[in-house]
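Each remark here refers to the structure printed beneath this line.
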Amino acid sequence: MDADLDSFDIAILRILQADNAMPHRLIGEHVNLSAPSVQRRIRRMEQSGVIAANVALVDPEKVGLPLTIIVEVELVSETMEEIDDIKTQLSDTPEVQQCYYVTGEVDIVLVMLVGSMTEYEELSRSLFIENDAVRKFRTFVSMDRVKARMEIRI
């Protein structure tokens, strides 16, 4: 835990993770601070990077992306240049929602959102099959989105 965060900051973060559109006045009522004090604390946490972004969680199905695909990728070799190249390629692919460079039997784990299996097949060709840096990949299709939050327990 960052030593610069006090109990008020943590309480504010907990509220913002549940509803970042809550007015500062209401946040202040919940944490016993004035609205200007809440605003200053939020601005400080944004500037320091504690609050990385203010975003809306969108239901993928309601925007035509009903399939969540998890992909394990094994690379041919792990030179820093090849790793950086594939990280950049995957980061620049809008369908890739999350990308993790991991330890263990695979090198990269992805969470992707696509509209259809046909769309995923096309992506898998360009990202994995035709990519000389990829040795093999394994695909998992989610049957049910049980939990999809970015809330951090603090």
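Lettering and numbering for the structure tokens are positional, with chains as A, B, ... in the shown order, residues counted from 1 in each chain, and ligands counted from 1 in the shown order.
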Just want the 12 Å neighbourhood of Gly64 in chain A, counted on only C-alpha atoms, with same-chain residues fewer than 5 positions away dropped. Output as JSON, numbers by chain.
{"A": [58, 59, 113, 114, 115, 116, 119]}
File dump, residues just selected, C-alpha atoms, as an mmCIF file, in the first residue's frame:
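This went into again_37.cif:
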```
data_model
loop_
_atom_site.group_PDB
_atom_site.id
_atom_site.type_symbol
_atom_site.label_atom_id
_atom_site.label_comp_id
_atom_site.auth_asym_id
_atom_site.auth_seq_id
_atom_site.Cartn_x
_atom_site.Cartn_y
_atom_site.Cartn_z
ATOM 1 C CA VAL A 58 -19.651 -1.637 -21.143
ATOM 2 C CA ASP A 59 -21.623 -4.865 -21.526
ATOM 3 C CA LEU A 113 -13.851 -9.864 -27.213
ATOM 4 C CA VAL A 114 -15.217 -10.737 -30.642
ATOM 5 C CA GLY A 115 -18.537 -10.691 -32.434
ATOM 6 C CA SER A 116 -18.341 -14.202 -33.890
ATOM 7 C CA GLU A 119 -14.104 -12.969 -36.599
#
```
Nearby residues (only C-alpha atoms) at most 9 Å from Glu78 in chain A, same-chain spacing under 3 positions excluded, as a PyMOL selection string:
chain A and resi 75+81-83+107+133
Give me, as a PDB file with C-alpha atoms, in the first residue's frame, all polymer residues having an atom no more than 9 Å from range 4-7 of chain A, counting only C-alpha atoms and skipping those fewer than 4 positions away in the same chain.
```
ATOM      1  CA  ALA A  11     -12.555   5.190   1.340  1.00  0.00           C
ATOM      2  CA  ILE A  12     -12.841   7.494  -1.681  1.00  0.00           C
ATOM      3  CA  MET A  45      -4.690  10.537  -6.983  1.00  0.00           C
TER       4      MET A  45
END
```
Could you pull out the strand (DSSP E or B) residues of chain A from DSSP and send them as an NGL selection string?
:A and (67-75 or 96-101 or 108-114 or 134-141)
Would you give me, as an MDAnalysis selection string, the residues in chain A that DSSP reads as helix (DSSP H, G or I)?
chainID A and resid 7:18 24:31 35:48 60:63 80:91 117:129
For range 136-149 of chain A, please output as a list in words all residues within 8 Å (counting only C-alpha atoms; exclusion window: fewer than 3 positions along the same chain).
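The contact residues come out as Leu67, Thr68, Ile69, Ile70, Val71, Glu72, Val73, Glu74, Leu75, Phe128 and Ile129 of chain A.
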What's around Asn20 in chain A at 9 Å? Count only C-alpha atoms, leave out sequence neighbours fewer than 4 positions away in its own chain, and write the answer as an mmCIF file with C-alpha atoms, in the first residue's frame.
```cif
data_model
loop_
_atom_site.group_PDB
_atom_site.id
_atom_site.type_symbol
_atom_site.label_atom_id
_atom_site.label_comp_id
_atom_site.auth_asym_id
_atom_site.auth_seq_id
_atom_site.Cartn_x
_atom_site.Cartn_y
_atom_site.Cartn_z
ATOM 1 C CA LEU A 13 -11.201 4.881 -3.927
ATOM 2 C CA ILE A 15 -16.576 4.421 -3.644
ATOM 3 C CA LEU A 16 -15.133 5.438 -7.026
ATOM 4 C CA ASN A 54 -12.075 7.006 -15.345
ATOM 5 C CA VAL A 55 -13.999 4.637 -17.585
ATOM 6 C CA ALA A 56 -17.409 3.082 -18.105
#
```
Which polymer residues have any atom within 10 Å of an atom of Ala35 in chain A, counting only C-alpha atoms, with same-chain residues fewer than 6 positions away left out, as a compact mmCIF listing (two decimals) with C-alpha atoms, in the first residue's frame?
```txt
# COMPACT_ATOMS: atom_id res chain seq x y z
CA PRO A 23 -20.97 13.50 -7.14
CA HIS A 24 -18.17 14.71 -4.89
CA ARG A 25 -20.75 16.04 -2.43
CA LEU A 26 -22.18 12.54 -1.90
CA ILE A 27 -18.73 10.98 -1.65
CA GLY A 28 -17.92 13.59 0.97
CA GLU A 29 -21.02 12.68 2.94
CA ARG A 41 -7.87 14.22 -3.16
```
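Going from CA of Leu57 in chain A to CA of Asp19 in chain A covers 10.4 Å.
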